[in-house]
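Novice: Contents of run15.txt (compact mmCIF, C-alpha atoms):
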# COMPACT_ATOMS: atom_id res chain seq x y z
CA MET T 1 -12.48 11.90 56.92
CA ALA T 2 -8.96 12.17 55.58
CA ASN T 3 -8.58 13.56 52.10
CA ARG T 4 -8.04 10.94 49.44
CA LYS T 5 -6.56 11.96 46.14
CA PRO T 6 -7.71 10.35 42.93
CA ARG T 7 -5.52 7.38 42.11
CA SER T 8 -4.99 8.28 38.47
CA ASN T 9 -5.67 10.91 35.84
CA ARG T 10 -8.49 8.92 34.26
CA LEU T 11 -11.84 10.66 33.92
CA LEU T 12 -13.65 10.19 37.20
CA THR T 13 -17.28 9.13 37.27
CA VAL T 14 -19.89 10.57 39.61
CA ASP T 15 -19.77 7.30 41.59
CA ASP T 16 -16.00 7.70 42.00
CA VAL T 17 -16.56 11.12 43.56
CA TYR T 18 -19.24 9.78 45.91
CA ARG T 19 -16.77 7.19 47.17
CA GLN T 20 -13.98 9.75 47.77
CA PRO T 21 -15.24 12.58 50.00
CA VAL T 22 -12.94 15.54 50.63
CA GLY T 23 -12.74 17.65 53.78
CA PRO T 24 -15.86 18.35 55.88
CA ALA T 25 -18.04 16.50 53.40
CA SER T 26 -21.19 16.74 55.53
CA HIS T 27 -21.03 20.53 55.88
CA PRO T 28 -23.70 21.98 53.53
CA LYS T 29 -21.44 24.82 52.35
CA SER T 30 -18.35 22.70 51.74
CA LEU T 31 -17.12 22.50 48.18
CA TYR T 32 -17.60 18.74 48.19
CA ALA T 33 -21.22 18.90 49.41
CA LEU T 34 -22.04 21.65 46.92
CA LEU T 35 -20.61 19.63 44.06
CA LEU T 36 -22.87 16.69 44.89
CA ARG T 37 -25.81 19.08 45.17
CA PHE T 38 -24.96 20.56 41.77
CA VAL T 39 -24.80 17.09 40.21
CA ARG T 40 -28.23 16.22 41.62
CA TRP T 41 -29.64 19.54 40.33
CA ARG T 42 -28.35 18.90 36.81
CA ARG T 43 -29.58 15.31 36.77
CA GLU T 44 -33.06 16.51 37.70
CA ARG T 45 -32.91 18.74 34.61
CA ASN T 46 -31.93 15.87 32.32
CA TRP T 47 -28.33 16.80 31.57
CA SER T 48 -26.43 14.00 29.88
CA GLU T 49 -24.27 11.68 31.95
CA THR T 50 -21.30 12.48 29.71
CA THR T 51 -21.58 16.18 30.56
CA LEU T 52 -22.03 15.37 34.25
CA LYS T 53 -18.98 13.14 34.21
CA THR T 54 -16.79 15.85 32.70
CA GLN T 55 -18.18 18.53 35.02
CA THR T 56 -17.75 16.37 38.11
CA HIS T 57 -14.24 15.23 37.21
CA HIS T 58 -12.78 18.71 36.76
CA SER T 59 -14.64 20.24 39.70
CA TYR T 60 -13.49 17.41 41.97
CA ARG T 61 -9.90 17.90 40.88
CA PHE T 62 -10.19 21.54 41.89
CA ILE T 63 -11.66 20.54 45.26
CA CYS T 64 -8.65 18.27 45.91
CA TRP T 65 -6.26 21.05 44.91
CA ALA T 66 -8.04 23.54 47.19
CA ALA T 67 -8.08 21.07 50.11
CA GLU T 68 -4.28 20.74 49.89
CA ARG T 69 -4.20 24.49 50.60
CA GLY T 70 -6.66 24.39 53.47
CA LEU T 71 -9.64 25.62 51.46
CA TYR T 72 -12.76 23.55 51.99
CA HIS T 73 -15.72 25.92 51.65
CA ALA T 74 -17.13 27.78 48.67
CA ALA T 75 -16.94 31.13 50.48
CA GLU T 76 -13.17 30.72 50.75
CA VAL T 77 -12.71 30.57 46.98
CA THR T 78 -11.92 34.02 45.62
CA ARG T 79 -10.81 35.31 42.26
CA PRO T 80 -7.10 35.17 43.33
CA VAL T 81 -7.59 31.54 44.39
CA LEU T 82 -8.94 30.62 40.96
CA GLU T 83 -6.12 32.53 39.27
CA SER T 84 -3.66 30.59 41.42
CA TYR T 85 -5.28 27.36 40.24
CA GLN T 86 -5.03 28.60 36.67
CA ARG T 87 -1.28 29.19 37.16
CA HIS T 88 -1.02 25.69 38.61
CA LEU T 89 -2.52 24.26 35.43
CA TYR T 90 -0.19 26.37 33.28
CA GLN T 91 2.87 25.15 35.21
CA TYR T 92 1.73 21.54 35.49
CA ARG T 93 3.77 18.95 33.62
CA LYS T 94 2.54 15.56 32.52
CA SER T 95 4.49 12.36 33.12
CA ASN T 96 6.27 12.85 29.78
CA GLY T 97 7.34 16.35 30.78
CA GLU T 98 4.98 18.15 28.42
CA PRO T 99 2.69 20.99 29.61
CA LEU T 100 -1.07 20.90 29.37
CA SER T 101 -2.36 22.29 26.09
CA SER T 102 -4.35 25.50 26.11
CA ARG T 103 -7.41 23.45 25.15
CA THR T 104 -6.96 21.14 28.14
CA GLN T 105 -6.51 24.12 30.45
CA ARG T 106 -9.73 25.67 29.15
CA THR T 107 -11.57 22.35 29.44
CA THR T 108 -10.47 22.15 33.06
CA LEU T 109 -11.50 25.70 33.97
CA GLN T 110 -14.81 26.00 32.11
CA PRO T 111 -16.67 23.56 34.41
CA LEU T 112 -15.62 25.72 37.36
CA GLN T 113 -17.17 28.76 35.69
CA VAL T 114 -20.42 26.87 35.23
CA TRP T 115 -20.40 25.51 38.80
CA PHE T 116 -19.64 28.84 40.53
CA SER T 117 -22.20 30.62 38.34
CA TRP T 118 -24.80 28.12 39.56
CA MET T 119 -23.78 28.68 43.18
CA ALA T 120 -24.17 32.43 42.78
CA LYS T 121 -27.60 32.09 41.14
CA GLN T 122 -28.74 29.76 43.92
CA GLY T 123 -27.63 32.25 46.57
CA LEU T 124 -25.07 29.83 47.97
CA ILE T 125 -22.23 32.37 47.60
CA LEU T 126 -22.41 36.16 47.64
CA ALA T 127 -20.59 36.64 44.34
CA ASN T 128 -19.24 34.54 41.51
CA PRO T 129 -15.40 34.56 41.71
CA ALA T 130 -15.15 32.96 38.26
CA ALA T 131 -17.36 35.51 36.51
CA ASP T 132 -14.53 37.40 34.79
CA LEU T 133 -11.87 34.70 34.82
CA GLU T 134 -9.94 35.04 31.56
CA LEU T 135 -9.34 31.64 30.01
CA PRO T 136 -6.27 30.73 27.96
CA ARG T 137 -6.58 31.49 24.28
CA LEU T 138 -7.06 28.45 22.10
CA GLU T 139 -4.33 27.44 19.71
CA LYS T 140 -5.88 26.50 16.39
CA HIS T 141 -4.15 23.44 15.02
CA LEU T 142 -4.89 21.77 11.72
CA PRO T 143 -5.47 18.01 11.74
CA ARG T 144 -2.02 16.46 11.63
CA THR T 145 -2.98 13.70 9.23
CA ILE T 146 -5.47 13.90 6.39
CA LEU T 147 -5.92 10.58 4.64
CA SER T 148 -6.18 10.58 0.88
CA VAL T 149 -8.79 8.48 -0.90
CA GLU T 150 -6.03 6.06 -1.90
CA GLN T 151 -4.86 5.72 1.69
CA VAL T 152 -8.37 5.00 2.94
CA GLU T 153 -8.81 2.37 0.25
CA ASP T 154 -5.51 0.76 1.27
CA ILE T 155 -6.62 0.69 4.91
CA VAL T 156 -10.05 -0.87 4.37
CA ASN T 157 -8.56 -3.45 1.99
CA LEU T 158 -6.36 -4.76 4.83
CA CYS T 159 -9.39 -6.45 6.42
CA ASP T 160 -9.24 -10.24 6.12
CA LEU T 161 -12.60 -11.01 4.55
CA SER T 162 -12.19 -14.74 5.17
CA THR T 163 -12.82 -14.15 8.89
CA LEU T 164 -15.82 -12.91 10.85
CA GLN T 165 -13.71 -10.20 12.46
CA GLY T 166 -12.41 -9.01 9.11
CA ILE T 167 -15.92 -8.56 7.73
CA ARG T 168 -17.06 -6.81 10.92
CA ASP T 169 -14.08 -4.47 10.79
CA ARG T 170 -14.61 -3.73 7.08
CA ALA T 171 -18.23 -2.72 7.77
CA LEU T 172 -17.07 -0.59 10.70
CA LEU T 173 -14.37 1.20 8.68
CA GLU T 174 -16.70 1.80 5.74
CA LEU T 175 -19.32 3.30 8.07
CA LEU T 176 -16.76 5.58 9.74
CA TRP T 177 -15.58 6.84 6.36
CA SER T 178 -19.05 7.25 4.87
CA THR T 179 -20.66 9.09 7.79
CA GLY T 180 -17.78 10.80 9.58
CA ILE T 181 -19.27 9.71 12.91
CA GLY T 182 -16.70 9.56 15.71
CA GLY T 183 -15.88 6.35 17.55
CA ALA T 184 -16.74 8.12 20.81
CA ARG T 185 -20.41 7.99 19.76
CA TRP T 186 -20.45 4.20 20.06
CA ARG T 187 -23.31 4.36 22.60
CA CYS T 188 -25.49 5.81 19.85
CA TRP T 189 -24.96 2.87 17.48
CA ARG T 190 -27.92 0.56 17.94
CA LEU T 191 -29.24 -2.27 15.84
CA TYR T 192 -32.14 -0.09 14.70
CA SER T 193 -29.90 2.89 13.81
CA PRO T 194 -29.40 2.13 10.09
CA ASP T 195 -32.36 2.47 7.73
CA PHE T 196 -31.44 0.69 4.50
CA ASN T 197 -34.48 1.92 2.58
CA ARG T 198 -33.89 5.58 3.35
CA LYS T 199 -30.09 5.16 3.32
CA ILE T 200 -29.61 6.91 6.64
CA LEU T 201 -28.08 6.34 10.04
CA THR T 202 -29.83 7.66 13.14
CA ILE T 203 -27.50 8.75 15.92
CA VAL T 204 -29.68 8.11 18.96
CA GLN T 205 -29.30 10.61 21.81
CA GLY T 206 -25.91 11.85 20.68
CA LYS T 207 -24.11 14.91 21.98
CA GLY T 208 -26.48 17.16 23.93
CA LYS T 209 -29.08 14.34 24.04
CA VAL T 210 -30.08 15.14 20.48
CA ASP T 211 -31.09 12.56 17.88
CA ARG T 212 -29.46 13.18 14.51
CA VAL T 213 -29.95 11.64 11.07
CA ILE T 214 -27.12 11.46 8.54
CA PRO T 215 -26.88 9.85 5.10
CA VAL T 216 -24.93 6.67 4.47
CA GLY T 217 -23.47 5.74 1.11
CA GLU T 218 -24.49 2.67 -0.88
CA ARG T 219 -21.07 1.08 -0.47
CA ALA T 220 -21.07 1.37 3.32
CA LEU T 221 -24.64 0.08 3.47
CA TRP T 222 -23.64 -2.96 1.40
CA TRP T 223 -20.89 -3.88 3.85
CA LEU T 224 -23.13 -3.16 6.82
CA ARG T 225 -25.86 -5.43 5.43
CA HIS T 226 -23.25 -8.13 4.75
CA TYR T 227 -22.09 -7.90 8.38
CA LEU T 228 -25.62 -7.87 9.85
CA ASN T 229 -26.81 -10.83 7.77
CA GLY T 230 -23.77 -13.06 7.85
CA VAL T 231 -21.54 -12.13 10.79
CA ARG T 232 -23.53 -10.61 13.65
CA PRO T 233 -25.85 -13.63 14.02
CA GLU T 234 -22.79 -15.87 14.23
CA LEU T 235 -21.23 -13.76 16.99
CA LEU T 236 -24.35 -12.98 19.02
CA VAL T 237 -24.58 -14.70 22.40
CA SER T 238 -27.39 -12.75 24.09
CA ALA T 239 -30.46 -11.81 22.08
CA ASP T 240 -30.95 -8.85 24.42
CA CYS T 241 -27.84 -7.10 23.08
CA LYS T 242 -28.94 -4.36 20.68
CA ALA T 243 -25.49 -2.94 19.89
CA LEU T 244 -24.82 -2.56 16.18
CA PHE T 245 -21.22 -3.78 16.34
CA LEU T 246 -20.45 -6.71 18.63
CA ALA T 247 -17.24 -7.62 20.37
CA MET T 248 -15.78 -10.88 19.11
CA ASP T 249 -16.99 -12.78 22.18
CA GLY T 250 -20.54 -11.81 21.18
CA VAL T 251 -21.55 -10.96 24.74
CA ALA T 252 -21.76 -7.18 24.36
CA GLY T 253 -21.26 -4.36 21.90
CA LEU T 254 -17.96 -2.73 21.17
CA THR T 255 -17.04 -0.07 23.69
CA ALA T 256 -15.33 3.18 22.69
CA ASN T 257 -11.98 1.55 23.46
CA GLY T 258 -13.07 -1.55 21.58
CA ILE T 259 -13.78 0.47 18.46
CA THR T 260 -10.42 2.22 18.77
CA ASN T 261 -8.65 -1.10 19.27
CA ALA T 262 -10.38 -2.47 16.17
CA VAL T 263 -9.42 0.49 13.98
CA VAL T 264 -5.88 1.34 15.08
CA PRO T 265 -4.14 -1.89 13.93
CA TYR T 266 -5.27 -1.26 10.34
CA LEU T 267 -3.96 2.30 10.46
CA ARG T 268 -0.60 1.18 11.82
CA ALA T 269 -0.37 -1.62 9.27
CA ALA T 270 -0.91 0.99 6.55
CA GLY T 271 1.94 3.11 7.93
CA ILE T 272 -0.21 5.70 9.73
CA ASP T 273 1.68 6.23 12.98
CA LYS T 274 -0.80 8.43 14.83
CA GLY T 275 -4.55 8.86 15.08
CA SER T 276 -7.54 6.54 15.18
CA CYS T 277 -11.26 6.82 14.33
CA HIS T 278 -11.19 10.60 13.86
CA LEU T 279 -8.90 10.21 10.87
CA PHE T 280 -11.86 8.87 8.89
CA ARG T 281 -13.95 11.83 10.04
CA HIS T 282 -11.28 14.26 8.85
CA ALA T 283 -10.89 12.35 5.60
CA MET T 284 -14.62 12.38 4.86
CA ALA T 285 -14.96 16.12 5.49
CA THR T 286 -11.88 17.09 3.50
CA GLN T 287 -12.60 14.81 0.55
CA MET T 288 -16.25 15.88 0.26
CA LEU T 289 -15.20 19.54 0.44
CA GLU T 290 -12.65 19.03 -2.32
CA ASN T 291 -15.33 17.38 -4.46
CA GLY T 292 -17.53 20.46 -4.23
CA ALA T 293 -19.69 19.96 -1.12
CA ASP T 294 -20.87 23.18 0.54
CA LEU T 295 -19.37 23.88 3.94
CA ARG T 296 -22.84 24.02 5.52
CA TRP T 297 -23.55 20.46 4.41
CA ILE T 298 -20.26 19.31 5.89
CA GLN T 299 -21.27 21.04 9.11
CA ALA T 300 -24.56 19.12 9.14
CA MET T 301 -22.78 15.81 8.50
CA LEU T 302 -20.32 16.34 11.31
CA GLY T 303 -22.93 17.65 13.74
CA HIS T 304 -21.06 20.90 14.46
CA ARG T 305 -23.17 23.53 16.19
CA SER T 306 -21.16 26.34 14.66
CA VAL T 307 -19.76 26.54 11.15
CA GLU T 308 -16.57 27.92 12.70
CA SER T 309 -15.74 24.37 13.86
CA THR T 310 -16.11 23.15 10.29
CA GLN T 311 -14.06 25.91 8.67
CA ILE T 312 -10.82 24.20 9.66
CA TYR T 313 -11.38 21.84 6.72
CA THR T 314 -11.23 24.74 4.29
CA GLN T 315 -7.62 25.19 5.40
CA VAL T 316 -6.60 21.62 4.67
CA SER T 317 -8.67 21.27 1.51
CA ILE T 318 -6.42 23.13 -0.92
CA ARG T 319 -7.13 21.37 -4.22
CA ALA T 320 -8.88 24.44 -5.64
CA LEU T 321 -6.10 26.68 -4.33
CA GLN T 322 -3.50 24.44 -5.94
CA ALA T 323 -5.32 24.72 -9.28
CA VAL T 324 -5.40 28.52 -9.05
CA HIS T 325 -1.71 28.58 -8.09
CA ALA T 326 -0.77 26.37 -11.04
CA SER T 327 -2.75 28.45 -13.52
CA THR T 328 -1.76 31.93 -12.35
CA HIS T 329 1.69 31.88 -10.71
CA PRO T 330 4.26 33.21 -13.22
CA ALA T 331 6.78 30.49 -12.40
CA GLU T 332 4.22 27.90 -13.47
CA GLN T 333 3.58 29.51 -16.87
CA GLY T 334 5.28 28.72 -20.16
CA GLU T 335 5.91 25.66 -22.20
CA ASN T 336 9.03 24.52 -20.38
CA PRO T 337 8.65 24.71 -16.60
CA GLU T 338 11.94 22.83 -16.11
CA PRO T 339 15.04 25.00 -15.42
CA GLU T 340 17.36 25.38 -18.43
CA VAL T 341 20.37 24.15 -16.46
CA ALA T 342 19.79 21.43 -13.92
CA PRO T 343 21.56 22.03 -10.60
CA GLU T 344 24.59 19.87 -10.02
CA ALA T 345 24.28 17.09 -7.50
CA PRO T 346 26.21 17.71 -4.29
CA ASP T 347 29.55 15.94 -3.92
CA SER T 348 29.50 12.76 -1.90
CA PRO T 349 31.07 13.12 1.52
Taking this structure as input, can you express it in the form of structure tokens?
Specialist:
Amino acid sequence: MANRKPRSNRLLTVDDVYRQPVGPASHPKSLYALLLRFVRWRRERNWSETTLKTQTHHSYRFICWAAERGLYHAAEVTRPVLESYQRHLYQYRKSNGEPLSSRTQRTTLQPLQVWFSWMAKQGLILANPAADLELPRLEKHLPRTILSVEQVEDIVNLCDLSTLQGIRDRALLELLWSTGIGGARWRCWRLYSPDFNRKILTIVQGKGKVDRVIPVGERALWWLRHYLNGVRPELLVSADCKALFLAMDGVAGLTANGITNAVVPYLRAAGIDKGSCHLFRHAMATQMLENGADLRWIQAMLGHRSVESTQIYTQVSIRALQAVHASTHPAEQGENPEPEVAPEAPDSP
């Protein structure tokens, strides 16, 4: 069958890959056949569909790239081949002319390491060509936008509380701010997730297929109860729908894109040009840290496996550092911090 390239750069599903075979797909040692075998193996061991989707997408992209160079079988993939693919990623330019970030390059290569390691352990290849592949170093960037408490208040107050959608959106925004849960975890938000008596939210089968319990503030719970009692019943079309937040047609729950589309207009209306749901996650972590929360508790709230992922918020939470600077820097000392002679204003052109 002729090779068919993916039509777009969207994240491919496993079903997409099944419908688009590459090369000698029926040959048991072809890259395509081994990818399908790997997917079946991981499904049998209860790996999450999200992980499988990411793994399959990036591995399939590599298979297409290799097929363009006449490489169809796993035995033909050597360390130099993988390094050539790594150079391809480094030199690749997106439609806007920008290169792939180091994080994207790593995210693309890491599934190949996992896949070829599996092939070697299964005896399907003699050696793992990706064993010592050196990945690009990550660039550590701070969050570009950290919302202040005042900014968050301005955003949530933009909701039109005279409408069903406005009340739904207010409850959604309050929950995002209170818990720091990402919009991408929308599949975990079920009608039974909030426990109003214990003041918690259960994230059902979140990342890594792990249930997680996090606290919810009284204010967010108030808005959530208001939405559940007065708005959700009005929207609901099918009693079988158990999603916590419904789309406005009431047929189904909000998808990840639906949550983003609900949040972004409020951010833009408040003058926030970039970012979406994660801005509330960043805001929660930074604001709690500045109010004295221990970093380990922030880690637990955000669901980070390693505290290293949480430490980035210590770099953007500088209230304590500002206080030390103001009290100890010699230029800040004295009764009159203003310069004795004010600088002259520049002449008008």
Novice: Choose the residue, out of T:Gln91, T:Gln299, T:Gln110, T:Thr260, that has the smallest atom-to-atom separation from Asp169 (chain T); count all atoms listed in the file.
Specialist: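 Ranking T:Gln91, T:Gln299, T:Gln110, T:Thr260 by distance to Asp169 (chain T), first place goes to T:Thr260.
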Novice: Have a look at CA of Leu71 (chain T) and CA of Leu89 (chain T) and let me know their distance in Å, one decimal.
Specialist: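 Taking CA of Leu71 (chain T) as the start and CA of Leu89 (chain T) as the end point, the length is 17.6 Å.
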Novice: To one decimal place in Å, what is the distance between CA of Ala67 (chain T) and CA of Leu82 (chain T)?
Specialist: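 Atom-to-atom, CA of Ala67 (chain T) and CA of Leu82 (chain T) are spaced 13.3 Å apart.
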Novice: If we count only C-alpha atoms, what is near Val251 (chain T) at a cut-off of 9 Å, once residues fewer than 4 positions away on the same chain are taken out, given as a list in words?
Specialist: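 Surrounding residues, per the criterion: Leu235, Leu236, Val237, Ser238, Cys241, Leu246 and Ala247 of chain T.
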Novice: Applying 7 Å and only C-alpha atoms, which residues near region 154-162 of chain T remain after dropping the ones on its own chain fewer than 3 positions away? List them as a PyMOL selection string.
Specialist: chain T and resi 150-151+166-167+169-170+173+266-267+270
Novice: Can you tell me, as a list in words, what residues are no more than 9 Å from Gln113 (chain T) when counting only C-alpha atoms, ignoring any on the same chain fewer than 3 positions away?
Specialist: Leu109, Gln110, Phe116, Ser117, Trp118, Asn128, Pro129, Ala130, Ala131 and Leu133 of chain T
